[in-house]
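Undergrad: Structure file model-v2.cif (mmCIF, C-alpha atoms and all ligand atoms) is given on the next line.
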```cif
data_entry
loop_
_atom_site.label_atom_id
_atom_site.label_comp_id
_atom_site.auth_asym_id
_atom_site.auth_seq_id
_atom_site.Cartn_x
_atom_site.Cartn_y
_atom_site.Cartn_z
CA MET K 1 0.00 0.00 0.00
CA LYS K 2 1.58 3.25 -1.14
CA ILE K 3 0.44 6.39 0.66
CA VAL K 4 1.47 9.97 -0.08
CA ASN K 5 1.16 12.00 3.14
CA VAL K 6 0.85 15.78 3.10
CA VAL K 7 1.97 18.41 5.61
CA GLY K 8 2.25 22.16 5.15
CA ALA K 9 1.65 24.23 8.28
CA ARG K 10 2.67 24.02 11.96
CA PRO K 11 -0.35 22.09 13.31
CA ASN K 12 0.11 19.42 10.63
CA PHE K 13 3.46 18.29 11.98
CA MET K 14 2.17 17.00 15.34
CA LYS K 15 -0.59 15.18 13.49
CA ILE K 16 1.62 13.41 10.95
CA ALA K 17 4.38 12.39 13.42
CA PRO K 18 2.62 9.33 14.93
CA LEU K 19 1.40 8.17 11.52
CA MET K 20 4.92 8.24 10.08
CA GLU K 21 6.09 6.24 13.08
CA GLU K 22 3.32 3.71 12.62
CA TYR K 23 4.12 3.26 8.91
CA ALA K 24 7.80 2.79 9.72
CA ASN K 25 6.91 -0.30 11.78
CA ASP K 26 4.86 -1.82 8.98
CA PRO K 27 6.69 -3.23 5.96
CA SER K 28 3.42 -3.50 3.99
CA VAL K 29 3.13 0.30 3.85
CA GLU K 30 5.22 2.50 1.58
CA ALA K 31 4.84 6.05 2.89
CA LEU K 32 6.06 9.19 1.16
CA LEU K 33 6.02 12.52 2.97
CA VAL K 34 5.37 15.72 1.02
CA HIS K 35 5.84 19.15 2.63
CA THR K 36 4.07 21.87 0.66
CA GLY K 37 6.23 24.58 2.25
CA GLN K 38 3.18 26.60 3.39
CA HIS K 39 5.13 27.25 6.61
CA TYR K 40 8.85 27.57 6.13
CA ASP K 41 10.49 29.52 9.01
CA GLU K 42 12.81 27.35 11.06
CA LYS K 43 10.60 27.91 14.12
CA MET K 44 7.37 27.18 12.23
CA SER K 45 8.60 24.02 10.49
CA ASP K 46 12.07 22.37 10.72
CA LEU K 47 12.20 22.59 14.50
CA PHE K 48 9.16 20.28 14.73
CA PHE K 49 10.66 17.71 12.39
CA ARG K 50 13.75 17.51 14.62
CA GLN K 51 11.91 17.51 17.95
CA LEU K 52 9.26 15.01 16.92
CA GLY K 53 11.58 12.74 14.92
CA ILE K 54 9.57 13.18 11.72
CA PRO K 55 11.58 11.92 8.73
CA GLU K 56 12.83 14.54 6.29
CA PRO K 57 10.12 15.11 3.67
CA ASP K 58 10.72 13.08 0.52
CA ILE K 59 9.57 16.11 -1.45
CA ASN K 60 9.33 19.79 -0.46
CA LEU K 61 7.21 21.85 -2.84
CA GLU K 62 8.53 25.09 -1.28
CA ILE K 63 5.38 27.04 -2.09
CA GLY K 64 5.62 29.59 0.74
CA SER K 65 3.15 32.37 1.52
CA GLY K 66 0.59 34.01 -0.75
CA SER K 67 -3.07 34.95 -0.97
CA HIS K 68 -5.49 32.05 -0.51
CA ALA K 69 -5.97 31.65 -4.26
CA VAL K 70 -2.28 31.90 -5.13
CA GLN K 71 -1.12 29.59 -2.33
CA THR K 72 -3.81 26.97 -3.05
CA ALA K 73 -3.25 27.09 -6.81
CA GLU K 74 0.55 26.87 -6.56
CA ILE K 75 0.31 23.89 -4.22
CA MET K 76 -2.12 22.18 -6.61
CA LYS K 77 0.12 22.71 -9.63
CA ALA K 78 3.19 21.34 -7.87
CA PHE K 79 1.40 18.48 -6.12
CA GLU K 80 -0.19 17.19 -9.33
CA THR K 81 3.25 16.27 -10.63
CA VAL K 82 4.00 14.38 -7.41
CA VAL K 83 0.83 12.29 -7.68
CA LEU K 84 1.41 11.59 -11.38
CA ASP K 85 5.02 10.59 -10.73
CA HIS K 86 4.32 8.35 -7.73
CA ARG K 87 0.83 6.96 -8.47
CA PRO K 88 -0.04 6.21 -4.82
CA ASP K 89 -2.98 4.07 -3.66
CA ALA K 90 -4.09 7.03 -1.55
CA VAL K 91 -3.23 10.57 -0.51
CA LEU K 92 -3.58 11.35 3.19
CA VAL K 93 -4.19 14.91 4.37
CA VAL K 94 -4.58 16.20 7.93
CA GLY K 95 -6.37 19.16 9.49
CA ASP K 96 -7.86 22.15 7.75
CA VAL K 97 -5.16 24.34 6.24
CA ASN K 98 -4.83 25.42 2.61
CA SER K 99 -2.39 22.56 1.93
CA THR K 100 -5.13 20.13 3.04
CA ILE K 101 -7.75 21.15 0.48
CA ALA K 102 -5.22 21.88 -2.29
CA CYS K 103 -3.70 18.38 -2.18
CA GLY K 104 -7.06 16.75 -1.57
CA LEU K 105 -8.50 18.26 -4.75
CA VAL K 106 -5.49 17.17 -6.80
CA ALA K 107 -5.78 13.58 -5.55
CA VAL K 108 -9.47 13.06 -6.30
CA LYS K 109 -9.25 14.70 -9.72
CA LEU K 110 -6.55 12.19 -10.62
CA GLY K 111 -8.77 9.35 -9.37
CA VAL K 112 -6.61 8.68 -6.30
CA LYS K 113 -8.35 7.89 -3.01
CA LEU K 114 -8.33 10.64 -0.41
CA ILE K 115 -7.98 10.09 3.33
CA HIS K 116 -8.80 12.95 5.72
CA VAL K 117 -7.50 12.81 9.29
CA GLU K 118 -9.38 15.15 11.68
CA ALA K 119 -12.57 15.08 9.60
CA GLY K 120 -16.02 16.42 10.42
CA LEU K 121 -15.10 19.34 12.69
CA ARG K 122 -17.37 22.33 12.09
CA SER K 123 -17.38 25.79 13.65
CA GLY K 124 -20.46 26.75 11.63
CA ASP K 125 -18.61 29.94 10.70
CA ARG K 126 -18.11 30.14 6.95
CA SER K 127 -16.07 33.35 7.25
CA MET K 128 -13.28 31.23 8.68
CA PRO K 129 -10.97 30.00 5.89
CA GLU K 130 -10.43 26.70 7.69
CA GLU K 131 -14.19 25.99 7.75
CA ILE K 132 -14.29 26.14 3.94
CA ASN K 133 -11.26 23.84 3.79
CA ARG K 134 -12.93 21.37 6.19
CA VAL K 135 -16.29 21.23 4.43
CA LEU K 136 -14.73 20.83 0.98
CA THR K 137 -12.10 18.28 2.00
CA ASP K 138 -14.66 16.12 3.78
CA SER K 139 -17.05 16.22 0.84
CA ILE K 140 -14.44 14.68 -1.51
CA SER K 141 -12.76 12.22 0.89
CA ASP K 142 -13.06 8.43 0.62
CA LEU K 143 -12.03 7.69 4.18
CA LEU K 144 -12.69 10.10 7.05
CA PHE K 145 -11.17 9.82 10.50
CA CYS K 146 -12.82 11.76 13.33
CA THR K 147 -11.41 12.95 16.64
CA GLU K 148 -14.70 13.52 18.43
CA GLN K 149 -18.36 12.49 18.15
CA SER K 150 -19.45 15.92 16.86
CA GLY K 151 -17.37 15.18 13.75
CA VAL K 152 -19.20 11.91 13.12
CA ASP K 153 -22.56 13.64 13.64
CA ASN K 154 -21.69 16.56 11.33
CA LEU K 155 -20.65 14.21 8.53
CA ALA K 156 -23.87 12.19 8.89
CA ARG K 157 -25.86 15.44 8.70
CA GLU K 158 -24.00 16.37 5.51
CA GLY K 159 -24.87 13.04 3.90
CA ILE K 160 -21.44 11.40 3.98
CA ALA K 161 -21.85 7.61 3.83
CA PRO K 162 -21.35 6.23 7.35
CA GLU K 163 -19.11 3.37 6.16
CA LYS K 164 -16.48 5.95 5.14
CA VAL K 165 -16.39 7.52 8.62
CA HIS K 166 -14.41 6.22 11.59
CA MET K 167 -14.07 7.64 15.08
CA VAL K 168 -10.46 6.92 15.99
CA GLY K 169 -9.33 9.51 18.55
CA HIS K 170 -6.73 12.15 17.92
CA VAL K 171 -3.27 11.84 16.38
CA MET K 172 -2.25 15.21 17.85
CA ILE K 173 -2.96 13.79 21.29
CA ASP K 174 -0.89 10.68 20.43
CA THR K 175 2.00 13.11 20.01
CA LEU K 176 1.24 14.96 23.23
CA LEU K 177 1.05 11.80 25.33
CA LYS K 178 4.23 10.44 23.79
CA ASN K 179 6.19 13.63 24.49
CA LEU K 180 4.86 14.74 27.85
CA GLU K 181 7.64 13.12 29.90
CA ARG K 182 10.30 14.57 27.59
CA ALA K 183 8.68 18.00 27.83
CA LYS K 184 8.84 17.87 31.63
CA SER K 185 12.62 18.04 31.46
CA SER K 186 12.57 21.22 29.36
CA THR K 187 14.46 24.04 31.11
CA ILE K 188 12.26 26.80 29.69
CA VAL K 189 10.62 27.66 33.02
CA ASP K 190 14.03 28.13 34.69
CA GLN K 191 15.25 30.21 31.77
CA LEU K 192 12.24 32.53 32.00
CA LYS K 193 12.62 32.73 35.79
CA GLN K 194 16.22 33.82 35.35
CA LYS K 195 15.08 36.52 32.94
CA GLY K 196 12.75 37.72 35.72
CA TRP K 197 9.66 37.20 33.55
CA ILE K 198 7.94 34.64 35.79
CA ASP K 199 8.24 33.40 39.38
CA GLY K 200 7.92 29.74 38.45
CA GLU K 201 5.41 27.04 37.57
CA GLY K 202 1.74 27.95 37.96
CA CYS K 203 2.54 31.68 38.11
CA PHE K 204 1.93 32.79 34.53
CA ALA K 205 -0.57 32.79 31.68
CA MET K 206 0.18 31.54 28.16
CA LEU K 207 -1.18 33.38 25.12
CA THR K 208 -1.33 32.48 21.42
CA LEU K 209 -3.16 34.42 18.72
CA HIS K 210 -3.18 34.00 14.96
CA ARG K 211 -6.77 33.80 13.65
CA PRO K 212 -7.33 36.40 10.91
CA SER K 213 -10.64 37.40 12.58
CA ASN K 214 -8.61 38.47 15.63
CA VAL K 215 -5.26 39.65 14.37
CA ASP K 216 -6.14 41.11 10.95
CA ASP K 217 -8.93 43.21 12.47
CA PRO K 218 -7.76 46.25 14.48
CA SER K 219 -10.99 46.40 16.46
CA ALA K 220 -10.94 42.74 17.57
CA PHE K 221 -7.21 42.86 18.29
CA GLY K 222 -7.74 46.09 20.26
CA HIS K 223 -10.50 44.50 22.36
CA ILE K 224 -8.30 41.52 23.17
CA LEU K 225 -5.52 43.92 24.22
CA ASP K 226 -7.96 45.76 26.51
CA ALA K 227 -8.50 42.51 28.42
CA LEU K 228 -4.82 41.50 28.37
CA GLU K 229 -3.89 44.91 29.78
CA GLN K 230 -5.92 44.04 32.89
CA ILE K 231 -4.81 40.42 33.19
CA GLN K 232 -1.09 41.26 32.96
CA GLN K 233 -1.47 43.47 36.05
CA ASP K 234 -2.33 40.29 37.92
CA LEU K 235 -0.25 37.61 36.18
CA PRO K 236 2.64 37.69 33.70
CA ILE K 237 1.62 36.66 30.19
CA LEU K 238 3.98 34.71 27.90
CA PHE K 239 3.18 35.37 24.26
CA PRO K 240 5.00 33.22 21.65
CA ILE K 241 3.98 35.18 18.62
CA HIS K 242 2.90 33.74 15.27
CA PRO K 243 4.48 35.44 12.19
CA ARG K 244 1.07 36.66 10.94
CA THR K 245 0.45 38.31 14.31
CA ARG K 246 3.92 39.85 14.53
CA LYS K 247 3.48 41.39 11.10
CA ASN K 248 0.04 42.75 12.01
CA LEU K 249 1.12 44.31 15.30
CA VAL K 250 3.25 46.65 13.20
CA ALA K 251 0.81 47.01 10.29
CA LEU K 252 -2.13 47.86 12.58
CA GLY K 253 -0.07 50.27 14.68
CA LEU K 254 -0.42 48.20 17.87
CA GLN K 255 3.24 47.41 18.54
CA GLU K 256 3.83 50.39 20.85
CA ARG K 257 0.74 49.58 22.85
CA VAL K 258 1.96 46.02 23.46
CA ASP K 259 5.51 47.16 24.20
CA ALA K 260 4.14 49.43 26.92
CA LEU K 261 2.63 46.46 28.78
CA GLU K 262 5.43 45.43 31.12
CA ASN K 263 4.07 42.05 32.03
CA ILE K 264 3.35 40.72 28.52
CA HIS K 265 6.45 38.99 27.21
CA LEU K 266 6.68 38.51 23.46
CA MET K 267 8.68 35.51 22.32
CA GLU K 268 9.50 33.92 18.97
CA PRO K 269 7.26 30.91 18.15
CA ILE K 270 8.59 28.18 20.42
CA GLY K 271 9.38 24.53 19.84
CA TYR K 272 6.89 21.81 20.68
CA LEU K 273 8.56 20.55 23.86
CA ASP K 274 9.03 23.98 25.47
CA PHE K 275 5.50 24.97 24.47
CA LEU K 276 4.09 21.79 25.95
CA LYS K 277 6.05 22.30 29.15
CA LEU K 278 4.79 25.88 29.52
CA ASN K 279 1.18 24.95 28.79
CA SER K 280 1.32 22.06 31.23
CA CYS K 281 2.27 24.33 34.11
CA ALA K 282 0.48 27.57 33.19
CA LYS K 283 -2.18 28.98 35.48
CA VAL K 284 -4.36 29.60 32.44
CA VAL K 285 -4.01 29.52 28.64
CA LEU K 286 -5.59 32.19 26.43
CA THR K 287 -5.73 31.23 22.77
CA ASP K 288 -7.48 31.25 19.42
CA SER K 289 -5.66 28.13 18.24
CA GLY K 290 -7.61 25.01 17.38
CA GLY K 291 -5.07 22.49 18.62
CA VAL K 292 -4.27 24.31 21.84
CA GLN K 293 -7.92 23.99 22.99
CA GLU K 294 -7.51 20.23 22.72
CA GLU K 295 -4.06 20.02 24.27
CA THR K 296 -5.14 22.04 27.33
CA THR K 297 -8.12 19.71 27.73
CA VAL K 298 -5.78 16.73 28.01
CA LEU K 299 -3.39 18.67 30.27
CA LYS K 300 -6.40 19.75 32.40
CA ILE K 301 -5.24 23.36 32.28
CA PRO K 302 -7.96 26.04 32.06
CA CYS K 303 -8.27 27.37 28.51
CA ILE K 304 -9.99 30.63 27.55
CA THR K 305 -10.71 30.67 23.83
CA LEU K 306 -10.76 34.11 22.26
CA ARG K 307 -13.23 33.19 19.53
CA GLU K 308 -17.03 33.23 19.20
CA ASN K 309 -17.20 29.54 18.34
CA THR K 310 -15.22 26.33 18.24
CA GLU K 311 -15.14 23.43 15.80
CA ARG K 312 -13.95 21.28 18.74
CA PRO K 313 -17.01 21.39 21.03
CA VAL K 314 -15.92 18.45 23.15
CA THR K 315 -13.22 20.66 24.68
CA ALA K 316 -15.92 22.97 26.06
CA GLU K 317 -18.54 20.30 26.86
CA ILE K 318 -16.30 18.04 28.95
CA GLY K 319 -12.84 19.60 28.63
CA SER K 320 -11.23 22.65 30.22
CA ASN K 321 -12.23 25.16 27.56
CA GLN K 322 -14.38 28.32 27.88
CA ILE K 323 -15.37 30.01 24.59
CA VAL K 324 -15.60 33.74 25.25
CA GLY K 325 -14.97 35.71 22.03
CA THR K 326 -13.21 39.07 22.09
CA ASP K 327 -15.39 41.17 24.39
CA PRO K 328 -13.03 42.29 27.19
CA LYS K 329 -15.79 41.89 29.80
CA ARG K 330 -16.34 38.26 28.89
CA ILE K 331 -12.61 37.55 28.75
CA LEU K 332 -12.09 39.09 32.20
CA ALA K 333 -15.11 37.27 33.65
CA ALA K 334 -13.72 33.94 32.43
CA TYR K 335 -10.30 34.84 33.83
CA GLU K 336 -11.75 35.69 37.27
CA LYS K 337 -13.78 32.48 37.31
CA THR K 338 -10.69 30.45 36.49
CA LYS K 339 -8.52 32.28 38.99
CA ASN K 340 -11.01 31.63 41.75
CA GLY K 341 -11.08 27.94 40.90
CA HIS K 342 -14.72 28.05 39.80
CA TRP K 343 -14.60 25.49 37.06
CA ARG K 344 -15.39 21.83 36.97
CA GLU K 345 -12.82 19.04 36.72
CA PRO K 346 -12.32 18.42 32.97
CA GLN K 347 -12.58 14.97 31.43
CA ILE K 348 -10.52 13.43 28.63
CA PRO K 349 -12.59 12.85 25.46
CA PRO K 350 -13.17 9.23 24.38
CA LEU K 351 -10.27 7.53 22.53
CA TRP K 352 -7.79 10.34 23.19
CA ASP K 353 -5.51 7.61 24.47
CA GLY K 354 -2.38 7.75 22.31
CA LYS K 355 -3.51 5.02 19.90
CA ALA K 356 -5.23 6.97 17.12
CA ALA K 357 -2.44 6.44 14.55
CA GLU K 358 -2.49 2.70 15.21
CA ARG K 359 -6.26 2.60 14.57
CA ILE K 360 -5.97 4.74 11.43
CA VAL K 361 -3.29 2.59 9.81
CA ARG K 362 -5.21 -0.61 10.62
CA ILE K 363 -8.41 0.75 9.03
CA MET K 364 -6.49 2.10 6.02
CA LYS K 365 -5.03 -1.33 5.42
CA GLU K 366 -8.43 -2.99 5.74
CA THR K 367 -10.03 -0.64 3.22
CA ILE K 368 -7.49 0.91 0.83
CA ALA K 369 -5.20 -2.12 0.50
CA CYS K 370 -8.16 -4.50 0.12
CA GLU K 371 -9.83 -2.32 -2.51
CA SER K 372 -6.63 -2.21 -4.57
CA GLY K 373 -6.52 -6.01 -4.36
CA GLN K 374 -3.47 -6.33 -2.16
CA ALA K 375 -2.95 -8.85 0.59
CA VAL K 376 -3.07 -7.20 3.99
C1 LIG K 401 -2.26 28.82 8.71
C2 LIG K 401 -3.60 28.12 8.52
C3 LIG K 401 -4.35 28.10 9.84
C4 LIG K 401 -3.51 27.50 10.94
C5 LIG K 401 -2.18 28.22 11.02
C6 LIG K 401 -1.32 27.50 12.01
C7 LIG K 401 -4.68 28.37 6.33
C8 LIG K 401 -5.76 29.05 5.57
N1 LIG K 401 -4.43 28.84 7.56
O1 LIG K 401 -2.53 30.18 9.04
O2 LIG K 401 -5.53 27.31 9.69
O3 LIG K 401 -4.20 27.62 12.15
O4 LIG K 401 -1.54 28.19 9.74
O5 LIG K 401 -0.22 28.22 12.44
O6 LIG K 401 -4.10 27.43 5.83
N2 LIG K 401 4.54 33.44 7.67
C9 LIG K 401 5.88 33.56 7.93
N3 LIG K 401 6.61 32.42 8.06
C10 LIG K 401 6.09 31.17 7.93
C11 LIG K 401 4.73 31.07 7.66
C12 LIG K 401 3.96 32.20 7.52
O7 LIG K 401 6.41 34.67 8.06
O8 LIG K 401 6.83 30.18 8.07
C13 LIG K 401 3.72 34.68 7.58
C14 LIG K 401 3.60 35.20 6.15
O9 LIG K 401 3.61 36.59 6.22
C15 LIG K 401 2.21 34.73 5.74
C16 LIG K 401 1.45 34.75 7.05
O10 LIG K 401 2.40 34.40 8.05
O11 LIG K 401 1.64 35.52 4.76
C17 LIG K 401 0.28 33.79 7.10
O12 LIG K 401 0.69 32.46 6.77
P1 LIG K 401 -0.37 31.41 6.14
O13 LIG K 401 0.24 30.08 6.03
O14 LIG K 401 -0.99 31.98 4.92
O15 LIG K 401 -1.52 31.40 7.21
P2 LIG K 401 -1.44 31.28 8.79
O16 LIG K 401 -1.99 32.52 9.38
O17 LIG K 401 -0.09 30.84 9.19
N1 LIG K 402 2.63 25.21 19.10
C1 LIG K 402 4.00 25.18 19.37
N2 LIG K 402 4.65 26.38 19.58
C2 LIG K 402 4.01 27.58 19.57
C3 LIG K 402 2.61 27.58 19.31
C4 LIG K 402 1.96 26.38 19.07
O1 LIG K 402 4.61 24.12 19.41
O2 LIG K 402 4.66 28.62 19.77
C5 LIG K 402 1.94 23.93 18.81
C6 LIG K 402 0.80 23.56 19.73
O3 LIG K 402 1.25 22.84 20.86
C7 LIG K 402 -0.09 22.69 18.83
C8 LIG K 402 0.11 23.32 17.47
O4 LIG K 402 1.31 24.08 17.55
O5 LIG K 402 0.41 21.35 18.80
C9 LIG K 402 -1.05 24.22 17.15
O6 LIG K 402 -0.74 24.96 16.04
P1 LIG K 402 -1.39 26.38 15.72
O7 LIG K 402 -1.92 27.00 16.95
O8 LIG K 402 -0.38 27.11 14.91
O9 LIG K 402 -2.57 25.99 14.69
P2 LIG K 402 -4.10 25.56 14.87
O10 LIG K 402 -4.16 24.40 15.79
O11 LIG K 402 -4.84 26.76 15.34
O12 LIG K 402 -4.52 25.22 13.48
#
```
Is it possible to give me this structure as structure tokens?
Ligand code: UD1
Ligand code: UDP

TA:
Amino acid sequence: MKIVNVVGARPNFMKIAPLMEEYANDPSVEALLVHTGQHYDEKMSDLFFRQLGIPEPDINLEIGSGSHAVQTAEIMKAFETVVLDHRPDAVLVVGDVNSTIACGLVAVKLGVKLIHVEAGLRSGDRSMPEEINRVLTDSISDLLFCTEQSGVDNLAREGIAPEKVHMVGHVMIDTLLKNLERAKSSTIVDQLKQKGWIDGEGCFAMLTLHRPSNVDDPSAFGHILDALEQIQQDLPILFPIHPRTRKNLVALGLQERVDALENIHLMEPIGYLDFLKLNSCAKVVLTDSGGVQEETTVLKIPCITLRENTERPVTAEIGSNQIVGTDPKRILAAYEKTKNGHWREPQIPPLWDGKAAERIVRIMKETIACESGQAV
């Protein structure tokens, strides 16, 4: 069974790592790894390959940044050649980034089966570029792997044949569980203590922001800063900053405002292990990331999501997540509630047990390999 696997952006790397490891233990699978180059900075890409032991991509399309249309089109043009050259039994895509839909479309138009890992998630917000990528990728996939029950339900509602859909748990959580012990020995907390930024474990908030609806919009970004201004008077905030957000701080004229806040500490994007260590011992995490809502649920660290909705409802229903949007009053109310310990003990969602990749590869072999007439 020959599978071409696609990654492009930061959250894809944690998701592909356990699958590549699973394939490596199985001589019946020939796995190629293609990096589209959507993310390319050392700290947005290569660092994760090294830390997570992901093999070097067999092919890097080196597409880089661009508008949605340009980036998607360039990836499609370059990826078509890869599929024609390698003629895989299936193409596997993860998540909801532009690389996901671009490579998915190329595969199905060449008659190659498409596998989507992290299928069925829906925010219900069609202004979110990822929501378009999710809906379209799911509608053309042959095999769909879900992380939570809402995904299975959404796909059923959209008329996807149930035999194509499998609830398997979460490959990103496979990676978290595998690396948690290693992350504990990270020295990042001591380093930041020495800098005088934090007093130690449990004495700081983590912050990540990169959603266009927050960081491309001066009003939304301004509202978030209003709340952060208050919170940083109470607790230092560590802010590993995404390149989109760094660029926009300057473009929207907000850099000086942030620089004036003594207790918000901007950092370069940080590696997986340091980030995991910091999240695992933060007092609270404020974020608009998709994956971070899930990771904090497993870590049982309070998460305040600075968005109006989530495509990962299980994190709010049984996990540690509160969805509050960008209204400073709501952000501060959630912060106070968390600080005063007024939140219930979170639970771990079903099948988030570190074995999702194992399940996915087994099901792939039962379906894809059998359909192409190979012995399993
Ligand atoms: C992308 C995904 C988003 C995901 C996020 C994870 C899409 C539509 N969006 O958003 O779903 O949550 O990645 O981090 O696919 N840039 C750099 N260096 C890099 C990468 C990007 O400087 O290595 C800058 C460029 O100025 C670029 C901007 O960041 O224009 C945005 O990058 P892009 O990949 O288009 O979208 P993200 O905001 O990163
Ligand atoms: N992450 C990281 N360093 C950072 C920020 C995030 O290692 O500075 C990891 C995080 O632990 C999670 C993934 O990146 O595994 C989430 O990616 P991101 O927030 O960029 O994308 P999203 O999940 O919103 O699509």

Undergrad: Can you write out as CSV which residues of segment 172-204 of chain K fall within 12 Å of segment 146-165 of chain K, alongside each residue's closest atom pair and its distance in Å to one decimal, counting only C-alpha atoms and ordering rows by chain and ascending residue number?

TA:
```
residue,atom,partner,partner_atom,distance
K:Met172,CA,K:Thr147,CA,9.5
K:Ile173,CA,K:Thr147,CA,9.7
K:Asp174,CA,K:Thr147,CA,11.4
```

Undergrad: Build an axis-aligned box that encloses every atom of segment 249-265 of chain K listed in the file, pad it by 4 Å on each side, and report its centre and edge lengths in Å to one decimal, as JSON.

TA:
```
{"center_x": 2.2, "center_y": 44.7, "center_z": 21.2, "size_x": 16.6, "size_y": 19.4, "size_z": 29.7}
```

Undergrad: Mind giving me the straight-line distance from atom CA of Glu118 of chain K to atom CA of Val298 of chain K in Å, one decimal?

TA: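 The value is 16.8 Å.
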
Undergrad: Using only C-alpha atoms, give me every residue within 10 Å of (-7.4, 37.0, 13.9) in file coordinates, as a PDB file with C-alpha atoms, in the coordinates of the input.

TA:
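So the final result, stored in selection-v2.pdb, reads:
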```pdb
ATOM      1  CA  MET K 128     -13.280  31.230   8.680  1.00  0.00           C
ATOM      2  CA  LEU K 209      -3.160  34.420  18.720  1.00  0.00           C
ATOM      3  CA  HIS K 210      -3.180  34.000  14.960  1.00  0.00           C
ATOM      4  CA  ARG K 211      -6.770  33.800  13.650  1.00  0.00           C
ATOM      5  CA  PRO K 212      -7.330  36.400  10.910  1.00  0.00           C
ATOM      6  CA  SER K 213     -10.640  37.400  12.580  1.00  0.00           C
ATOM      7  CA  ASN K 214      -8.610  38.470  15.630  1.00  0.00           C
ATOM      8  CA  VAL K 215      -5.260  39.650  14.370  1.00  0.00           C
ATOM      9  CA  ASP K 216      -6.140  41.110  10.950  1.00  0.00           C
ATOM     10  CA  ASP K 217      -8.930  43.210  12.470  1.00  0.00           C
ATOM     11  CA  PRO K 218      -7.760  46.250  14.480  1.00  0.00           C
ATOM     12  CA  ALA K 220     -10.940  42.740  17.570  1.00  0.00           C
ATOM     13  CA  PHE K 221      -7.210  42.860  18.290  1.00  0.00           C
ATOM     14  CA  ARG K 244       1.070  36.660  10.940  1.00  0.00           C
ATOM     15  CA  THR K 245       0.450  38.310  14.310  1.00  0.00           C
ATOM     16  CA  ASN K 248       0.040  42.750  12.010  1.00  0.00           C
ATOM     17  CA  ASP K 288      -7.480  31.250  19.420  1.00  0.00           C
ATOM     18  CA  LEU K 306     -10.760  34.110  22.260  1.00  0.00           C
ATOM     19  CA  ARG K 307     -13.230  33.190  19.530  1.00  0.00           C
TER      20      ARG K 307
END
```

Undergrad: With all atoms listed in the file counted, collect every polymer residue having an atom within 7 Å of ligand LIG 402 (chain K); state the result as a count of residues only.

TA: 20

Undergrad: I'd like a table as CSV: residues in chain K with an atom no more than 9 Å from ligand LIG 401 (chain K), each row giving the shortest atom pair and its distance in Å to one decimal, all atoms listed in the file counted, sorted by chain and rising residue number.

TA:
```
residue,atom,partner,partner_atom,distance
K:Gly8,CA,K:LIG401,O13,8.2
K:Ala9,CA,K:LIG401,O4,5.3
K:Arg10,CA,K:LIG401,O5,5.1
K:Pro11,CA,K:LIG401,C6,5.6
K:Asn12,CA,K:LIG401,C6,8.3
K:Gly37,CA,K:LIG401,O8,8.1
K:Gln38,CA,K:LIG401,O13,5.3
K:His39,CA,K:LIG401,O8,3.7
K:Tyr40,CA,K:LIG401,O8,3.8
K:Asp41,CA,K:LIG401,O8,3.8
K:Glu42,CA,K:LIG401,O8,7.3
K:Lys43,CA,K:LIG401,O8,7.5
K:Met44,CA,K:LIG401,O8,5.2
K:Ser45,CA,K:LIG401,O8,6.9
K:Gly64,CA,K:LIG401,C11,7.1
K:Ser65,CA,K:LIG401,O11,4.8
K:Gly66,CA,K:LIG401,O11,5.8
K:Ser67,CA,K:LIG401,O14,6.9
K:His68,CA,K:LIG401,C8,6.8
K:Gln71,CA,K:LIG401,O14,7.6
K:Thr72,CA,K:LIG401,O6,8.9
K:Gly95,CA,K:LIG401,O2,8.2
K:Asp96,CA,K:LIG401,O2,6.0
K:Val97,CA,K:LIG401,O6,3.3
K:Asn98,CA,K:LIG401,O6,3.9
K:Ser99,CA,K:LIG401,O6,6.5
K:Thr100,CA,K:LIG401,O6,7.9
K:Met128,CA,K:LIG401,C8,8.4
K:Pro129,CA,K:LIG401,C8,5.3
K:Glu130,CA,K:LIG401,O2,5.3
K:Glu131,CA,K:LIG401,O2,9.0
K:Asn133,CA,K:LIG401,C8,7.8
K:His210,CA,K:LIG401,O16,5.9
K:Arg211,CA,K:LIG401,O16,6.5
K:Pro212,CA,K:LIG401,O16,6.8
K:His242,CA,K:LIG401,O5,6.9
K:Pro243,CA,K:LIG401,O7,4.6
K:Arg244,CA,K:LIG401,O10,3.9
K:Thr245,CA,K:LIG401,O10,7.6
K:Arg246,CA,K:LIG401,O10,8.6
K:Lys247,CA,K:LIG401,O9,6.8
K:Asp288,CA,K:LIG401,O3,8.8
K:Ser289,CA,K:LIG401,O3,6.3
K:Gly290,CA,K:LIG401,O3,6.8
K:Gly291,CA,K:LIG401,O3,8.3
```

Undergrad: Pick out the closest residue to Glu22 of chain K from this set: K:Ile360, K:Val91, K:Ala107, K:Ile368. Count all atoms listed in the file.

TA: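 Looking at the shortest contact to Glu22 of chain K, the residue is K:Ile360.
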
Undergrad: Tell me, in Å to one decimal, how far atom CA of Arg330 of chain K is from atom CA of Leu249 of chain K.

TA: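 Interatomic distance here is 22.9 Å.
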
Undergrad: Nearest residue to Leu225 of chain K out of K:Val93, K:Val250, K:Ile140, K:Ile331, using only C-alpha atoms?

TA: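 Among the listed residues, the smallest separation from Leu225 of chain K belongs to K:Ile331.
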
Undergrad: At what distance in Å, to one decimal, does atom CA of Ala227 of chain K lie from atom CA of Ile323 of chain K?

TA: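 These atoms are spaced 14.8 Å apart.
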
Undergrad: Dig up all the protein and nucleic acid residues within 12 Å of (2.9, 14.6, 22.5) in the file frame, using only C-alpha atoms, and format them as a ChimeraX atom specification.

TA: /K:13-18,48,51-53,170-184,272-277,280,291,294-296,298-299,352-355
